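*Asks:* Below is the file data18.pdb, with PDB, C-alpha atoms.
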ATOM      1  CA  MET A1267      79.763 -61.635  83.480
ATOM      2  CA  LEU A1268      81.319 -64.608  81.674
ATOM      3  CA  GLU A1269      80.397 -66.884  84.595
ATOM      4  CA  ARG A1270      76.760 -65.753  84.666
ATOM      5  CA  HIS A1271      75.773 -65.713  80.995
ATOM      6  CA  ARG A1272      76.058 -68.226  78.183
ATOM      7  CA  PHE A1273      78.551 -67.444  75.419
ATOM      8  CA  THR A1274      79.515 -69.569  72.449
ATOM      9  CA  ASN A1275      82.873 -71.202  71.835
ATOM     10  CA  VAL A1276      85.257 -69.249  69.612
ATOM     11  CA  TYR A1277      84.892 -72.097  67.099
ATOM     12  CA  ARG A1278      81.239 -72.756  66.294
ATOM     13  CA  ALA A1279      81.864 -76.470  65.702
ATOM     14  CA  SER A1280      83.161 -76.790  69.290
ATOM     15  CA  ASP A1281      79.900 -75.697  70.897
ATOM     16  CA  ARG A1282      78.041 -78.385  72.823
ATOM     17  CA  VAL A1283      75.029 -78.406  70.474
ATOM     18  CA  SER A1284      77.205 -78.463  67.344
ATOM     19  CA  GLN A1285      79.249 -81.278  68.836
ATOM     20  CA  TYR A1286      76.090 -83.273  69.538
ATOM     21  CA  LEU A1287      74.941 -82.682  65.975
ATOM     22  CA  ILE A1288      78.258 -83.849  64.534
ATOM     23  CA  ARG A1289      78.759 -86.917  66.724
ATOM     24  CA  ASN A1290      75.203 -88.155  67.341
ATOM     25  CA  VAL A1291      73.087 -86.868  64.477
ATOM     26  CA  ILE A1292      75.472 -86.908  61.497
ATOM     27  CA  TYR A1293      78.306 -89.321  62.316
ATOM     28  CA  ARG A1294      76.543 -91.774  64.615
ATOM     29  CA  ASP A1295      78.783 -94.752  65.390
ATOM     30  CA  GLY A1296      77.921 -97.969  63.596
ATOM     31  CA  VAL A1297      74.990 -96.535  61.632
ATOM     32  CA  SER A1298      74.977 -95.756  57.916
ATOM     33  CA  PHE A1299      72.417 -93.252  56.678
ATOM     34  CA  THR A1300      71.191 -92.445  53.184
ATOM     35  CA  LYS A1301      71.814 -88.920  51.944
ATOM     36  CA  ASN A1302      68.190 -87.954  52.452
ATOM     37  CA  ASP A1303      68.259 -89.451  55.946
ATOM     38  CA  LEU A1304      71.204 -87.185  56.743
ATOM     39  CA  LEU A1305      69.443 -84.076  55.469
ATOM     40  CA  PHE A1306      66.285 -85.006  57.353
ATOM     41  CA  ARG A1307      68.158 -85.681  60.590
ATOM     42  CA  ILE A1308      70.175 -82.460  60.368
ATOM     43  CA  LEU A1309      67.166 -80.225  59.693
ATOM     44  CA  LEU A1310      64.969 -81.969  62.264
ATOM     45  CA  PHE A1311      67.639 -81.539  64.925
ATOM     46  CA  LYS A1312      68.452 -77.942  64.003
ATOM     47  CA  ILE A1313      64.886 -76.688  63.702
ATOM     48  CA  PHE A1314      64.428 -77.430  67.419
ATOM     49  CA  ASN A1315      68.159 -77.046  68.169
ATOM     50  CA  LYS A1316      67.715 -78.735  71.526
ATOM     51  CA  ILE A1317      69.499 -81.926  72.558
ATOM     52  CA  SER A1318      66.752 -82.994  74.971
ATOM     53  CA  THR A1319      64.122 -82.792  72.202
ATOM     54  CA  TRP A1320      66.226 -85.006  69.931
ATOM     55  CA  LYS A1321      66.844 -87.523  72.714
ATOM     56  CA  TYR A1322      63.134 -87.640  73.476
ATOM     57  CA  LEU A1323      62.216 -88.324  69.845
ATOM     58  CA  GLU A1324      64.930 -90.970  69.586
ATOM     59  CA  SER A1325      63.694 -92.687  72.732
ATOM     60  CA  GLU A1326      60.257 -93.037  71.154
ATOM     61  CA  ILE A1327      61.212 -93.669  67.507
ATOM     62  CA  LYS A1328      64.646 -95.331  67.928
ATOM     63  CA  THR A1329      66.550 -94.611  64.699
ATOM     64  CA  ILE A1330      65.313 -91.404  63.064
ATOM     65  CA  THR A1331      65.174 -91.775  59.279
ATOM     66  CA  VAL A1332      63.006 -90.646  56.376
ATOM     67  CA  GLU A1333      61.727 -94.202  55.952
ATOM     68  CA  ASN A1334      60.129 -94.295  59.406
ATOM     69  CA  PHE A1335      59.048 -90.647  59.360
ATOM     70  CA  ASP A1336      55.378 -90.345  60.277
ATOM     71  CA  SER A1337      54.462 -86.660  60.504
ATOM     72  CA  LYS A1338      51.386 -87.326  62.661
ATOM     73  CA  LEU A1339      53.379 -89.399  65.122
ATOM     74  CA  TYR A1340      56.146 -86.803  65.405
ATOM     75  CA  SER A1341      53.610 -84.003  65.937
ATOM     76  CA  THR A1342      51.765 -86.048  68.561
ATOM     77  CA  LEU A1343      54.968 -86.842  70.456
ATOM     78  CA  LEU A1344      55.999 -83.190  70.501
ATOM     79  CA  SER A1345      52.514 -82.127  71.566
ATOM     80  CA  GLU A1346      52.744 -84.570  74.475
ATOM     81  CA  ALA A1347      56.087 -83.099  75.469
ATOM     82  CA  LYS A1348      54.594 -79.615  75.467
ATOM     83  CA  LYS A1349      51.660 -80.808  77.604
ATOM     84  CA  ALA A1350      54.229 -82.145  80.063
ATOM     85  CA  ARG A1351      55.666 -78.587  80.157
ATOM     86  CA  GLU A1352      58.856 -79.574  78.370
ATOM     87  CA  VAL A1353      60.620 -76.838  76.391
ATOM     88  CA  ILE A1354      61.045 -78.313  72.916
ATOM     89  CA  TYR A1355      62.755 -75.370  71.163
ATOM     90  CA  SER A1356      66.103 -73.818  72.018
ATOM     91  CA  GLY A1357      66.105 -70.150  72.943
ATOM     92  CA  ALA A1358      69.159 -69.537  70.770
ATOM     93  CA  TYR A1359      67.188 -68.914  67.563
ATOM     94  CA  ILE A1360      63.863 -67.207  66.977
ATOM     95  CA  MET A1361      61.714 -69.593  64.947
ATOM     96  CA  THR A1362      58.669 -68.247  63.132
ATOM     97  CA  SER A1363      55.541 -70.368  63.497
ATOM     98  CA  GLY A1364      54.736 -70.977  59.818
ATOM     99  CA  LYS A1365      50.997 -71.002  60.557
ATOM    100  CA  SER A1366      50.196 -68.689  57.637
ATOM    101  CA  ILE A1367      51.917 -71.176  55.289
ATOM    102  CA  PHE A1368      51.056 -74.612  56.696
ATOM    103  CA  GLY A1369      47.919 -73.788  58.687
ATOM    104  CA  TYR A1370      48.552 -75.568  61.991
ATOM    105  CA  ASP A1371      47.951 -73.905  65.340
ATOM    106  CA  PHE A1372      51.197 -75.042  66.963
ATOM    107  CA  LYS A1373      54.654 -74.126  65.729
ATOM    108  CA  HIS A1374      56.033 -77.651  65.951
ATOM    109  CA  GLU A1375      53.189 -79.002  63.799
ATOM    110  CA  ASN A1376      54.065 -76.551  61.037
ATOM    111  CA  HIS A1377      57.746 -77.437  61.202
ATOM    112  CA  ILE A1378      56.992 -81.157  60.999
ATOM    113  CA  GLU A1379      54.796 -80.422  57.960
ATOM    114  CA  LEU A1380      57.700 -78.437  56.471
ATOM    115  CA  LEU A1381      59.934 -81.498  56.750
ATOM    116  CA  LYS A1382      57.230 -83.646  55.193
ATOM    117  CA  GLN A1383      56.787 -81.373  52.187
ATOM    118  CA  TYR A1384      60.374 -80.267  51.581
ATOM    119  CA  VAL A1385      62.591 -83.140  52.748
ATOM    120  CA  GLN A1386      60.656 -86.400  52.634
ATOM    121  CA  SER A1387      60.202 -86.216  48.850
ATOM    122  CA  GLY A1388      63.950 -85.863  48.226
ATOM    123  CA  LYS A1389      63.522 -82.714  46.102
ATOM    124  CA  LEU A1390      65.438 -80.501  48.518
ATOM    125  CA  LEU A1391      68.295 -83.007  48.662
ATOM    126  CA  ARG A1392      68.657 -83.070  44.871
ATOM    127  CA  ARG A1393      68.868 -79.292  44.709
ATOM    128  CA  ILE A1394      71.482 -79.167  47.470
ATOM    129  CA  GLU A1395      73.527 -81.948  45.880
ATOM    130  CA  ASN A1396      73.611 -80.041  42.593
ATOM    131  CA  ALA A1397      74.713 -76.779  44.231
ATOM    132  CA  LYS A1398      78.054 -75.475  42.997
ATOM    133  CA  SER A1399      78.845 -73.270  45.990
ATOM    134  CA  MET A1400      78.000 -72.669  49.623
ATOM    135  CA  GLU A1401      76.155 -69.505  48.627
ATOM    136  CA  GLU A1402      73.956 -71.548  46.296
ATOM    137  CA  VAL A1403      73.040 -73.921  49.142
ATOM    138  CA  TYR A1404      72.197 -70.870  51.245
ATOM    139  CA  LYS A1405      69.910 -69.502  48.527
ATOM    140  CA  ILE A1406      68.158 -72.880  48.197
ATOM    141  CA  LEU A1407      67.471 -72.959  51.941
ATOM    142  CA  LEU A1408      66.442 -69.302  51.920
ATOM    143  CA  ASN A1409      63.470 -70.308  49.782
ATOM    144  CA  VAL A1410      62.245 -72.814  52.383
ATOM    145  CA  PRO A1411      59.371 -71.291  54.417
ATOM    146  CA  THR A1412      60.152 -70.050  57.962
ATOM    147  CA  PHE A1413      63.942 -70.233  57.544
ATOM    148  CA  GLY A1414      64.916 -66.648  56.654
ATOM    149  CA  SER A1415      68.441 -65.402  55.931
ATOM    150  CA  PHE A1416      69.988 -66.088  59.343
ATOM    151  CA  LEU A1417      68.732 -69.668  59.695
ATOM    152  CA  ALA A1418      69.400 -70.455  56.035
ATOM    153  CA  TYR A1419      73.081 -69.620  56.587
ATOM    154  CA  GLN A1420      73.294 -71.495  59.895
ATOM    155  CA  TYR A1421      71.708 -74.591  58.355
ATOM    156  CA  THR A1422      74.050 -74.330  55.375
ATOM    157  CA  ILE A1423      76.983 -74.603  57.781
ATOM    158  CA  ASP A1424      75.369 -77.532  59.609
ATOM    159  CA  ILE A1425      74.744 -79.434  56.373
ATOM    160  CA  ASN A1426      78.328 -78.751  55.338
ATOM    161  CA  TYR A1427      79.553 -80.616  58.446
ATOM    162  CA  SER A1428      78.196 -83.743  56.767
ATOM    163  CA  THR A1429      79.188 -85.491  53.539
ATOM    164  CA  LEU A1430      76.260 -83.937  51.648
ATOM    165  CA  THR A1431      78.341 -80.900  50.669
ATOM    166  CA  ASN A1432      82.036 -80.125  50.829
ATOM    167  CA  PHE A1433      82.631 -76.388  50.614
ATOM    168  CA  SER A1434      85.207 -74.331  52.452
ATOM    169  CA  GLU A1435      83.857 -72.302  55.367
ATOM    170  CA  MET A1436      85.851 -69.434  53.866
ATOM    171  CA  ASP A1437      83.676 -69.421  50.739
ATOM    172  CA  PHE A1438      80.664 -67.506  51.982
ATOM    173  CA  VAL A1439      79.275 -65.679  55.008
ATOM    174  CA  LYS A1440      76.001 -63.991  55.913
ATOM    175  CA  ALA A1441      75.880 -61.647  58.881
ATOM    176  CA  GLY A1442      73.064 -62.345  61.319
ATOM    177  CA  PRO A1443      71.270 -59.742  63.467
ATOM    178  CA  GLY A1444      73.630 -60.206  66.411
ATOM    179  CA  ALA A1445      76.724 -59.903  64.238
ATOM    180  CA  LYS A1446      75.374 -56.721  62.666
ATOM    181  CA  ASP A1447      74.886 -55.260  66.141
ATOM    182  CA  GLY A1448      78.409 -56.276  67.127
ATOM    183  CA  ILE A1449      79.942 -54.782  63.997
ATOM    184  CA  LYS A1450      78.128 -51.480  64.560
ATOM    185  CA  LYS A1451      79.492 -51.353  68.109
ATOM    186  CA  CYS A1452      83.070 -52.038  66.970
ATOM    187  CA  PHE A1453      83.435 -49.488  64.194
ATOM    188  CA  ILE A1454      82.655 -45.771  64.096
ATOM    189  CA  ASP A1455      83.168 -45.585  60.348
ATOM    190  CA  ARG A1456      83.692 -48.600  58.092
ATOM    191  CA  GLY A1457      83.451 -46.746  54.802
ATOM    192  CA  ASP A1458      81.885 -48.767  52.010
ATOM    193  CA  PHE A1459      82.467 -52.111  53.728
ATOM    194  CA  SER A1460      79.378 -54.286  54.093
ATOM    195  CA  ASP A1461      78.862 -56.398  57.214
ATOM    196  CA  GLU A1462      80.141 -59.401  55.280
ATOM    197  CA  ASP A1463      83.204 -57.421  54.109
ATOM    198  CA  VAL A1464      84.065 -56.618  57.732
ATOM    199  CA  ILE A1465      83.789 -60.286  58.723
ATOM    200  CA  LYS A1466      86.002 -61.342  55.814
ATOM    201  CA  PHE A1467      88.570 -58.650  56.663
ATOM    202  CA  MET A1468      88.647 -59.777  60.289
ATOM    203  CA  CYS A1469      89.253 -63.336  59.127
ATOM    204  CA  ASP A1470      92.044 -62.259  56.785
ATOM    205  CA  ILE A1471      94.006 -60.315  59.396
ATOM    206  CA  GLN A1472      93.466 -62.592  62.408
ATOM    207  CA  GLU A1473      97.046 -63.881  62.663
ATOM    208  CA  SER A1474      98.690 -60.469  62.311
ATOM    209  CA  GLN A1475      96.365 -59.076  64.982
ATOM    210  CA  PHE A1476      97.074 -61.932  67.392
ATOM    211  CA  GLU A1477     100.754 -61.123  66.977
ATOM    212  CA  ALA A1478     100.270 -57.365  67.303
ATOM    213  CA  LEU A1479      98.242 -57.815  70.499
ATOM    214  CA  ASP A1480     100.566 -60.519  71.842
ATOM    215  CA  LEU A1481      97.727 -63.029  72.104
ATOM    216  CA  ASP A1482      98.661 -66.685  72.313
ATOM    217  CA  PHE A1483      95.555 -67.795  70.422
ATOM    218  CA  LYS A1484      94.859 -71.535  70.510
ATOM    219  CA  ASP A1485      93.524 -72.488  67.112
ATOM    220  CA  LEU A1486      91.594 -75.657  66.376
ATOM    221  CA  TRP A1487      94.567 -77.988  65.946
ATOM    222  CA  GLY A1488      95.870 -75.973  62.991
ATOM    223  CA  ARG A1489      92.506 -74.757  61.678
ATOM    224  CA  LYS A1490      92.253 -70.963  61.649
ATOM    225  CA  LEU A1491      89.081 -69.067  62.486
ATOM    226  CA  GLN A1492      86.667 -69.386  59.577
ATOM    227  CA  LEU A1493      84.071 -66.896  58.363
ATOM    228  CA  ILE A1494      81.294 -68.558  60.374
ATOM    229  CA  ASP A1495      83.431 -68.317  63.515
ATOM    230  CA  CYS A1496      84.149 -64.633  62.994
ATOM    231  CA  GLN A1497      80.457 -64.006  62.297
ATOM    232  CA  ASN A1498      79.657 -65.599  65.648
ATOM    233  CA  LEU A1499      82.356 -63.595  67.422
ATOM    234  CA  PHE A1500      80.752 -60.300  66.453
ATOM    235  CA  CYS A1501      77.485 -61.638  67.861
ATOM    236  CA  GLU A1502      79.200 -62.485  71.150
ATOM    237  CA  VAL A1503      80.825 -59.037  71.270
ATOM    238  CA  ASP A1504      77.349 -57.553  70.990
ATOM    239  CA  LYS A1505      76.058 -59.727  73.847
ATOM    240  CA  TYR A1506      79.012 -58.904  76.101
ATOM    241  CA  SER A1507      78.808 -55.177  75.422
ATOM    242  CA  ARG A1508      75.099 -55.010  76.315
ATOM    243  CA  ALA A1509      76.098 -55.417  79.949
ATOM    244  CA  ILE A1510      79.619 -53.971  79.999
ATOM    245  CA  HIS A1511      78.997 -50.983  77.696
ATOM    246  CA  PRO A1512      75.240 -50.320  77.785
ATOM    247  CA  GLU A1513      75.816 -46.776  76.530
ATOM    248  CA  ILE A1514      76.864 -48.161  73.107
ATOM    249  CA  SER A1515      73.790 -49.113  71.119
ATOM    250  CA  GLY A1516      73.521 -51.554  68.247
ATOM    251  CA  ILE A1517      70.995 -51.717  65.441
ATOM    252  CA  SER A1518      68.380 -53.708  67.378
ATOM    253  CA  ASN A1519      68.859 -51.724  70.618
ATOM    254  CA  ARG A1520      68.800 -54.927  72.690
ATOM    255  CA  THR A1521      69.926 -54.180  76.259
ATOM    256  CA  ARG A1522      70.096 -57.510  78.096
ATOM    257  CA  ILE A1523      71.366 -61.063  77.717
ATOM    258  CA  LYS A1524      68.561 -63.608  78.005
ATOM    259  CA  GLN A1525      70.309 -66.924  78.600
ATOM    260  CA  ILE A1526      71.886 -67.721  81.960
ATOM    261  CA  TYR A1527      74.838 -70.105  81.956
ATOM    262  CA  LYS A1528      74.315 -73.450  83.665
ATOM    263  CA  PRO A1529      77.357 -75.758  83.746
ATOM    264  CA  GLU A1530      76.905 -79.170  82.128
ATOM    265  CA  LYS A1531      78.225 -82.192  83.994
ATOM    266  CA  ASN A1532      78.921 -84.265  80.888
ATOM    267  CA  LYS A1533      82.277 -83.649  79.263
ATOM    268  CA  ILE A1534      82.359 -83.250  75.487
ATOM    269  CA  ASP A1535      84.073 -86.018  73.548
ATOM    270  CA  TYR A1536      85.147 -83.834  70.649
ATOM    271  CA  LEU A1537      84.583 -84.943  67.088
ATOM    272  CA  PHE A1538      84.972 -82.802  63.991
ATOM    273  CA  PRO A1539      84.064 -83.524  60.368
ATOM    274  CA  PRO A1540      86.624 -86.089  59.146
ATOM    275  CA  LYS A1541      87.119 -84.100  55.934
ATOM    276  CA  TRP A1542      88.766 -81.357  58.018
ATOM    277  CA  LYS A1543      91.559 -83.823  58.802
ATOM    278  CA  LEU A1544      92.243 -82.426  62.264
ATOM    279  CA  ASN A1545      94.667 -84.321  64.453
ATOM    280  CA  VAL A1546      92.585 -84.117  67.621
ATOM    281  CA  PRO A1547      94.321 -85.704  70.651
ATOM    282  CA  LEU A1548      92.379 -88.295  72.643
TER
END
Would you mind writing the structure in this file as structure tokens?
*Replies:*
Amino acid sequence: MLERHRFTNVYRASDRVSQYLIRNVIYRDGVSFTKNDLLFRILLFKIFNKISTWKYLESEIKTITVENFDSKLYSTLLSEAKKAREVIYSGAYIMTSGKSIFGYDFKHENHIELLKQYVQSGKLLRRIENAKSMEEVYKILLNVPTFGSFLAYQYTIDINYSTLTNFSEMDFVKAGPGAKDGIKKCFIDRGDFSDEDVIKFMCDIQESQFEALDLDFKDLWGRKLQLIDCQNLFCEVDKYSRAIHPEISGISNRTRIKQIYKPEKNKIDYLFPPKWKLNVPL
């Protein structure tokens, strides 16, 4: 089961795509980006959430910044990739097309227009910079067309890897559809606890439960599981149980795991946000 299907790392920031975002999109060696460049790069990368799409755009545009952002060029390049039968979006997230809002026939054209209208002007950056909490950043992103509650939270975490915001990952959590399914499968009766309450409780008791279950849990060089990590874990429990315990249904009633695991040859050279101050061995 674990060999056949793709599952995330226990720590979200350790996943291959998150690691690429941190090392190559946010903290690229030898390159200094403006704040709006950072926001643009993060959202552009995450909307497609696919390393090969980012590499393709970089190969054509070189350094991706707001200053050299040409929405027509980006749309044309992505259209050419589609014509060549390249998959430009990751299957990890379901992205709505945005056609009813921006009017373009193809999903990628609407998302490029979204970046043009919401990021290029700098208005979104100013609102995020003025946010007093992670939840406030989430609410700002929730108002961006096509994002929705799940993506708004995921993008909030991605932005918080950068220097644009500096909130604790223990400040706020929003349960996604997969996590809600996983929580339903784990608990017969949770009383008045919301999905977010369950995630927070799990985070709070993690160390006592590792001890009670005699689990030698390897934390992230002293960093405990954060709310985003525990949110993801419930999602992975749901995925695993679809195959192992098909008789237990979640909210969505999904019964199969879509993504097949394919080993990557390239080893990950781990990098985490410097503000975490992790002593990662070479």
*Asks:* Could you tell me which residues the PyMOL selection byres ((chain A and resi 1546) around 12) returns for this structure, as an NGL selection string?
*Replies:* :A and (1485-1489 or 1535-1540 or 1542-1545 or 1547-1548)
*Asks:* So which residues get picked by the PyMOL selection byres ((chain A and resi 1290) around 12) here, written as number ranges by chain?
*Replies:* A: 1282-1289, 1291-1297, 1304, 1307-1308, 1311, 1317, 1320-1321, 1324, 1329-1330, 1428, 1534-1538
*Asks:* Quick check on the file I pasted: which residues fall under the PyMOL selection byres ((chain A and resi 1322) around 12)? Write them as JSON, numbers by chain.
*Replies:* {"A": [1311, 1314, 1316, 1317, 1318, 1319, 1320, 1321, 1323, 1324, 1325, 1326, 1327, 1328, 1329, 1330, 1340, 1343, 1344, 1346, 1347, 1348, 1352, 1353, 1354]}
*Asks:* Between A:Val1464, A:Ile1494, A:Tyr1370, A:Thr1300, which one has atoms that come closest to Met1400 in chain A, using only C-alpha atoms?
*Replies:*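 Smallest distance to Met1400 in chain A is found for A:Ile1494.
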*Asks:* Between A:Ser1474, A:Thr1412, A:Thr1429, A:Thr1422, which is the closest to Phe1368 in chain A once you count all atoms listed in the file?
*Replies:*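 For Phe1368 in chain A, the nearest of the candidates is A:Thr1412.
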*Asks:* If you measure from CA of Ile1517 in chain A to CA of Val1410 in chain A, what distance in Å do you get, rounded to one decimal?
*Replies:* 26.3 Å
*Asks:* If you measure from CA of Gln1472 in chain A to CA of Gln1492 in chain A, what distance in Å do you get, rounded to one decimal?
*Replies:*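 CA of Gln1472 in chain A sits 10.0 Å away from CA of Gln1492 in chain A.
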*Asks:* Could you please give me, as number ranges by chain, the residues of protein, DNA or RNA lying at most 9 Å from (70.2, -81.5, 55.3) in the coordinate frame of the file, considering only C-alpha atoms?
*Replies:* A: 1301-1310, 1385, 1390-1391, 1394, 1421-1422, 1424-1426, 1428, 1430
*Asks:* Could you jot down the CA of Lys1531 in chain A to CA of Ala1509 in chain A separation for me, Å, one decimal place?
*Replies:*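 Straight-line distance from CA of Lys1531 in chain A to CA of Ala1509 in chain A works out to 27.2 Å.
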*Asks:* Which neighbours of range 1497-1501 of chain A fall inside 8 Å, counting only C-alpha atoms, when residues of the same chain fewer than 3 positions from it are skipped, and could you give them as a list in words?
*Replies:*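 Final neighbour list, sorted by chain and number: Thr1274, Val1276, Arg1278, Val1439, Lys1440, Ala1441, Gly1442, Pro1443, Gly1444, Ala1445, Lys1446, Asp1447, Gly1448, Ile1449, Ile1465, Leu1493, Ile1494, Asp1504 and Lys1505 of chain A.
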*Asks:* Between A:Ser1298, A:Asn1376, A:Asn1409, A:Ser1507, which one has atoms that come closest to Cys1452 in chain A, using only C-alpha atoms?
*Replies:*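 Answer, going by the shortest atom-to-atom distance: A:Ser1507.
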